[in-house]
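Participant: Take a look at this one; I'll ask things after.
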Amino acid sequence: MIRVQDLSFTYHGAPERTLKGLNFEIAKGEIFGFLGPSGAGKTTAQKVLYKILNGFEGEVLIEGQPLAQMGKEFFERIGVGFELPNHYLKLTGKENLALFGSFYPKEKMRKTADLFELVGMEDAMDKKVEAYSKGMKMRLNFIRAIMHDPDILFFDEPTAGLDPVNAHKIKAHIVKLKNDGKTIFITTHNMNTADELCDRVAFIVDGELQVTEAPATLKHTHGKHIVRVELTDQQTAEFSLDGLGHNPEFMQFLQKGDVQRINTLEATLEEVFIHITGKALKEL
Amino acid sequence: MKQLIRLSVSDFKLIFRDASLRTFLFLPILIFVVVIVVLPLVKNKFEVVAEYIPFVLIVATIEVTQMFGFIYAVMLIEEKEMGVSHVYGVLPISKMGFSLMRQVIPVLITILITWALLMTQPFYNLPFLSTLGFSMLSGLIVPPYALGVSILCKNKMEGLIWVKVFNLIVVIPVIAFFIPPSYTFLFTILPTHWAFQGLNHLILGEAFLLELGIGTVFLIALTALTARLFVQRHYA
């Protein structure tokens, strides 16, 4: 669906490149995540892909067609959920959607009331956006991105500013969009969001991709292949996952007392990030 | 056409829902009152005022132009400040076409108000079509004004400073009327110089087509240049 080869980008007047020779592919119906700290180049990469930044080096192909040659019809096929809320504050939520929706073919548009209901904002659609909370504005961002049923979706920090309940709603709908065959490109520095949503993730630091892989594979590869057992009397022991069911020491340990917890020691995505890049997200 | 109307309705909703911009919409009424009511009274009382009437009319027309230039400049700056401009950047539209289309209604309104002002002022009988020509020239000042201010600033605070600068640039060629003719060439680099000189000739019943032509070409070229820069900077 999307193929990126040797993508580099330098902002006008900047001393060095923001993106340095990125290579990756996103398959149709895949959720692909760009993970990295602020300033790593995540948003810039997205901006190049949704054609708001021109003058890049390398090649970006959308279904085999060079992005640079695509006209305004490309924008009918994409939806963009921006990192920060960006609406006309003096217009109502409904008026905002009606205005921006008027630029798309009518037959592609989803019903406004359904969209507001989807994010639990049916009572707020006729209120001016200036009266919305940040979370509500972010949900309005989300439904604006999907209102014209695009094939390709770009979300920049899709759960930023949302409470856990609404973040869950948005994530669930992103998964539904993927199940409907949409291709989704997420950028985030939230490892939990990436872990929950993405089929594959790419770590980006200082404009360079460090690794591209499925989160489960990364966690498995970089984690310990062992299980830790904790008993209620504080005793703990670790056993290799290989042949665990036939390990007499493991069986014996289980019988020593009441089991409080059994965990596999796979790495978290954040630990994998630190391991691969040698940097913690908060340091950067 | 449908899109233009829809967009204009939204733009006017934004203007009417903003107290400061809404106030600006009433500026033409004030200008009409000054030109049609106050100025004749002043002229009757102080005869010396009579020779300055053309200059007052010229400044009055430029004030009308500044009104919509200012309103749209502020709207575009707000769009940029709030990030709404990025949303337009990913819509299936021609950015250049859209940026210019958005100026159509303010230009038309400016033309209409300027024309009405010049036709209703009680001092000179101005020809219908020629007056319309100069009204169009005044209307053409709006796009480079609004787009130019928006290009040059990052936020409303900077915008207000640039508005002051633009207001000065727009009005400054009026000085050409008060200095020796050999120095008026200094103002030819400003498009409003041609509008002012032409309108003055029209009021005095002299030939004005050269100024009208140069002014029109100048402003169209300036609009094209500012629109190009605006597209590069506003949507990304």
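Labels for the structure tokens follow display order: chains A, B, ..., residues from 1 in each chain, ligands from 1.
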Apply DSSP to the structure's backbone, then extract all residues of segment 86-236 of chain A labelled helix (DSSP H, G or I) and return them as a ChimeraX atom specification.
Facilitator: /A:93-101,106-108,112-118,129-131,134-146,164-179,191-197,215-222
Participant: Can you build me a table of segment 114-212 of chain A residues sitting at most 7 Å from segment 57-80 of chain A, with the closest atom pair per residue and its distance in Å to one decimal, using only C-alpha atoms, sorted by chain and residue number, as a Markdown table?
Facilitator:
| residue | atom | partner | partner_atom | distance |
| --- | --- | --- | --- | --- |
| A:Ala145 | CA | A:Gly79 | CA | 4.4 |
| A:Ile146 | CA | A:Gly79 | CA | 5.9 |
| A:Pro150 | CA | A:Arg77 | CA | 4.7 |
| A:Asp151 | CA | A:Arg77 | CA | 5.4 |
| A:Ile152 | CA | A:Ile78 | CA | 4.7 |
| A:Leu153 | CA | A:Gly79 | CA | 4.8 |
| A:Phe154 | CA | A:Val80 | CA | 4.8 |
| A:Phe155 | CA | A:Val80 | CA | 6.0 |
Participant: With chain A as the partner and 7 Å as the cut-off, tabulate the residues of chain B that qualify, each row holding the nearest pair of atoms and their distance in Å to one decimal, using only C-alpha atoms, sorted by chain and rising number, as a Markdown table.
Facilitator:
| residue | atom | partner | partner_atom | distance |
| --- | --- | --- | --- | --- |
| B:Leu14 | CA | A:Lys90 | CA | 6.2 |
| B:Arg17 | CA | A:Lys90 | CA | 6.4 |
| B:Met82 | CA | A:Asn86 | CA | 5.6 |
| B:Gly83 | CA | A:Asn86 | CA | 5.0 |
| B:Val84 | CA | A:Asn86 | CA | 5.0 |
| B:Gly89 | CA | A:Ile52 | CA | 6.3 |
| B:Val90 | CA | A:Phe75 | CA | 5.9 |
| B:Leu91 | CA | A:Phe75 | CA | 5.6 |
| B:Pro92 | CA | A:Phe75 | CA | 4.7 |
| B:Ile93 | CA | A:Lys72 | CA | 5.9 |
| B:Ser94 | CA | A:Lys72 | CA | 6.7 |
| B:Ala236 | CA | A:Ile52 | CA | 5.3 |
Participant: Based on the selection just made, write N, CA, C and O atoms of those residues as a PDB file, in the first residue's frame.
Facilitator:
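Result written to result02.pdb:
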ATOM      1  N   LEU B  14     -17.975  33.367  11.362  1.00  0.00           N
ATOM      2  CA  LEU B  14     -16.794  33.605  12.207  1.00  0.00           C
ATOM      3  C   LEU B  14     -16.633  35.088  12.502  1.00  0.00           C
ATOM      4  O   LEU B  14     -16.312  35.479  13.619  1.00  0.00           O
ATOM      5  N   ARG B  17     -19.400  36.236  14.937  1.00  0.00           N
ATOM      6  CA  ARG B  17     -19.302  35.687  16.291  1.00  0.00           C
ATOM      7  C   ARG B  17     -18.069  36.212  17.042  1.00  0.00           C
ATOM      8  O   ARG B  17     -17.825  35.824  18.160  1.00  0.00           O
ATOM      9  N   MET B  82      -4.425  28.624  15.370  1.00  0.00           N
ATOM     10  CA  MET B  82      -5.176  27.489  15.915  1.00  0.00           C
ATOM     11  C   MET B  82      -4.867  26.184  15.188  1.00  0.00           C
ATOM     12  O   MET B  82      -5.375  25.134  15.552  1.00  0.00           O
ATOM     13  N   GLY B  83      -4.070  26.262  14.138  1.00  0.00           N
ATOM     14  CA  GLY B  83      -3.728  25.057  13.375  1.00  0.00           C
ATOM     15  C   GLY B  83      -4.793  24.631  12.387  1.00  0.00           C
ATOM     16  O   GLY B  83      -4.683  23.587  11.746  1.00  0.00           O
ATOM     17  N   VAL B  84      -5.855  25.430  12.236  1.00  0.00           N
ATOM     18  CA  VAL B  84      -6.922  25.078  11.286  1.00  0.00           C
ATOM     19  C   VAL B  84      -6.374  25.087   9.852  1.00  0.00           C
ATOM     20  O   VAL B  84      -6.835  24.324   8.995  1.00  0.00           O
ATOM     21  N   GLY B  89      -4.861  22.111   4.555  1.00  0.00           N
ATOM     22  CA  GLY B  89      -3.730  21.532   3.825  1.00  0.00           C
ATOM     23  C   GLY B  89      -3.947  20.096   3.388  1.00  0.00           C
ATOM     24  O   GLY B  89      -3.322  19.640   2.437  1.00  0.00           O
ATOM     25  N   VAL B  90      -4.829  19.372   4.092  1.00  0.00           N
ATOM     26  CA  VAL B  90      -5.058  17.965   3.718  1.00  0.00           C
ATOM     27  C   VAL B  90      -6.456  17.754   3.129  1.00  0.00           C
ATOM     28  O   VAL B  90      -6.964  16.634   3.113  1.00  0.00           O
ATOM     29  N   LEU B  91      -7.059  18.826   2.656  1.00  0.00           N
ATOM     30  CA  LEU B  91      -8.361  18.693   1.987  1.00  0.00           C
ATOM     31  C   LEU B  91      -8.152  18.530   0.482  1.00  0.00           C
ATOM     32  O   LEU B  91      -7.152  19.013  -0.058  1.00  0.00           O
ATOM     33  N   PRO B  92      -9.079  17.863  -0.186  1.00  0.00           N
ATOM     34  CA  PRO B  92      -8.934  17.673  -1.641  1.00  0.00           C
ATOM     35  C   PRO B  92      -9.289  18.935  -2.426  1.00  0.00           C
ATOM     36  O   PRO B  92     -10.305  18.989  -3.111  1.00  0.00           O
ATOM     37  N   ILE B  93      -8.453  19.938  -2.263  1.00  0.00           N
ATOM     38  CA  ILE B  93      -8.693  21.215  -2.948  1.00  0.00           C
ATOM     39  C   ILE B  93      -7.389  21.700  -3.564  1.00  0.00           C
ATOM     40  O   ILE B  93      -6.314  21.294  -3.132  1.00  0.00           O
ATOM     41  N   SER B  94      -7.522  22.574  -4.552  1.00  0.00           N
ATOM     42  CA  SER B  94      -6.333  23.258  -5.060  1.00  0.00           C
ATOM     43  C   SER B  94      -6.061  24.391  -4.073  1.00  0.00           C
ATOM     44  O   SER B  94      -6.917  25.265  -3.873  1.00  0.00           O
ATOM     45  N   ALA B 236       1.263  24.288   5.465  1.00  0.00           N
ATOM     46  CA  ALA B 236       2.221  23.254   5.894  1.00  0.00           C
ATOM     47  C   ALA B 236       2.508  23.335   7.395  1.00  0.00           C
ATOM     48  O   ALA B 236       2.377  24.379   7.988  1.00  0.00           O
TER      49      ALA B 236
END
Participant: Excluding Glu213 of chain A and any residue of its chain fewer than 6 positions from it, enumerate the residues within 7 Å of it, using only C-alpha atoms, and give them as a VMD selection string.
Facilitator: chain A and resid 200 to 202
Participant: For segment 101-114 of chain B, please output as a PyMOL selection string all residues within 7 Å (counting only C-alpha atoms; exclusion window: fewer than 6 positions along the same chain).
Facilitator: chain B and resi 4+8+61+64-65+68+135-136+138-140+142-143
Participant: Any chance you can output those residues with C-alpha atoms as a compact mmCIF listing (two decimals), in the first residue's frame?
Facilitator:
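Everything below was put into part_24.txt:
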# COMPACT_ATOMS: atom_id res chain seq x y z
CA LEU B 4 -17.88 29.68 -2.50
CA SER B 8 -18.43 32.67 2.71
CA THR B 61 -12.07 54.63 -0.21
CA VAL B 64 -13.04 50.72 3.16
CA THR B 65 -10.39 48.54 1.55
CA PHE B 68 -11.88 43.81 4.75
CA SER B 135 -13.84 50.56 -7.16
CA MET B 136 -12.52 47.33 -8.65
CA SER B 138 -9.71 49.34 -4.60
CA GLY B 139 -11.17 45.86 -4.17
CA LEU B 140 -8.02 44.32 -5.61
CA VAL B 142 -7.77 43.38 -0.28
CA PRO B 143 -6.08 40.05 -1.31
Participant: Rounded to one decimal, what separation in Å do you get between atom CA of Phe98 of chain B and atom CA of Leu97 of chain A?
Facilitator: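 Between atom CA of Phe98 of chain B and atom CA of Leu97 of chain A the gap is 18.0 Å.
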Participant: Hey, what does DSSP flag as strand (DSSP E) within segment 208-253 of chain A? Can you give it to me as a PyMOL selection string?
Facilitator: chain A and resi 208-213+226-231+236-240
Participant: Under the rule that only C-alpha atoms are counted, which of B:Asn44, B:Gln197, B:Ser99, B:Thr131 is the nearest residue to Thr223 of chain B?
Facilitator: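 The closest residue to Thr223 of chain B is B:Ser99.
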Participant: Could you pull the residues within 8 Å of segment 8-23 of chain A, counting only C-alpha atoms, minus those fewer than 3 positions along the same chain, as a list in words?
Facilitator: Arg3, Val4, Gln5, Ala40, Gly41, Thr44, Ala45, Gly55, Phe56, Glu57, Gly58, Asp206, Gly207, Glu208 and Leu209 of chain A
Participant: Neighbouring residues of segment 179-193 of chain B were defined as those with any atom within 6 Å, considering only C-alpha atoms; residues of the same chain fewer than 6 positions away were excluded. Please report them as a VMD selection string.
Facilitator: chain B and resid 170 173 215
Participant: Here is a test: counting only C-alpha atoms, which residue of A:Ala267, A:Leu118, A:Val229, A:Ile276 is nearest to Gln255 of chain A?
Facilitator: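 Checking each candidate against Gln255 of chain A, we get A:Val229 as the closest.
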Participant: Considering only C-alpha atoms, return as a CSV table (one decimal) with all heavy atoms, in the first residue's frame whatever protein or nucleic-acid residues lie within 8 Å of Leu162 of chain A, sequence-local ones (same chain, fewer than 2 positions apart) excluded.
Facilitator:
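Generated file (result-v5.csv):
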chain,number,residue,atom,x,y,z
A,134,LYS,N,-10.4,19.7,26.3
A,134,LYS,CA,-9.3,19.3,25.3
A,134,LYS,C,-9.7,17.9,24.8
A,134,LYS,O,-9.5,17.6,23.6
A,134,LYS,CB,-8.0,19.3,26.0
A,134,LYS,CG,-6.9,19.1,24.9
A,134,LYS,CD,-5.5,18.8,25.5
A,134,LYS,CE,-4.6,18.5,24.3
A,134,LYS,NZ,-3.3,17.9,24.7
A,135,GLY,N,-10.1,17.1,25.7
A,135,GLY,CA,-10.5,15.7,25.3
A,135,GLY,C,-11.6,15.7,24.2
A,135,GLY,O,-11.5,14.9,23.2
A,138,MET,N,-10.1,16.7,20.9
A,138,MET,CA,-9.4,15.6,20.3
A,138,MET,C,-10.3,14.6,19.7
A,138,MET,O,-10.0,14.0,18.6
A,138,MET,CB,-8.5,15.0,21.4
A,138,MET,CG,-7.2,15.7,21.7
A,138,MET,SD,-6.2,16.2,20.3
A,138,MET,CE,-5.5,14.6,19.8
A,159,THR,N,-4.3,9.2,21.2
A,159,THR,CA,-5.0,9.2,22.5
A,159,THR,C,-4.5,10.3,23.4
A,159,THR,O,-4.9,10.3,24.6
A,159,THR,CB,-4.8,7.8,23.2
A,159,THR,OG1,-3.3,7.6,23.3
A,159,THR,CG2,-5.4,6.7,22.4
A,160,ALA,N,-3.7,11.2,22.9
A,160,ALA,CA,-3.2,12.3,23.7
A,160,ALA,C,-4.4,13.2,24.2
A,160,ALA,O,-5.3,13.5,23.5
A,160,ALA,CB,-2.2,13.2,22.9
A,164,PRO,N,-8.9,7.7,30.2
A,164,PRO,CA,-8.8,6.3,29.9
A,164,PRO,C,-10.0,5.7,29.2
A,164,PRO,O,-9.9,4.9,28.2
A,164,PRO,CB,-8.6,5.6,31.2
A,164,PRO,CG,-8.0,6.6,32.1
A,164,PRO,CD,-8.6,7.9,31.6
A,165,VAL,N,-11.2,6.1,29.6
A,165,VAL,CA,-12.4,5.6,28.9
A,165,VAL,C,-12.5,6.0,27.5
A,165,VAL,O,-12.7,5.2,26.6
A,165,VAL,CB,-13.7,6.1,29.7
A,165,VAL,CG1,-15.0,5.6,29.0
A,165,VAL,CG2,-13.7,5.6,31.1
A,166,ASN,N,-12.3,7.3,27.2
A,166,ASN,CA,-12.4,7.7,25.8
A,166,ASN,C,-11.2,7.3,25.0
A,166,ASN,O,-11.3,7.0,23.8
A,166,ASN,CB,-12.5,9.3,25.8
A,166,ASN,CG,-13.9,9.7,26.1
A,166,ASN,OD1,-14.9,9.3,25.5
A,166,ASN,ND2,-14.1,10.5,27.1
A,167,ALA,N,-10.0,7.1,25.6
A,167,ALA,CA,-8.9,6.6,24.9
A,167,ALA,C,-9.2,5.2,24.5
A,167,ALA,O,-8.9,4.8,23.3
A,167,ALA,CB,-7.6,6.6,25.8
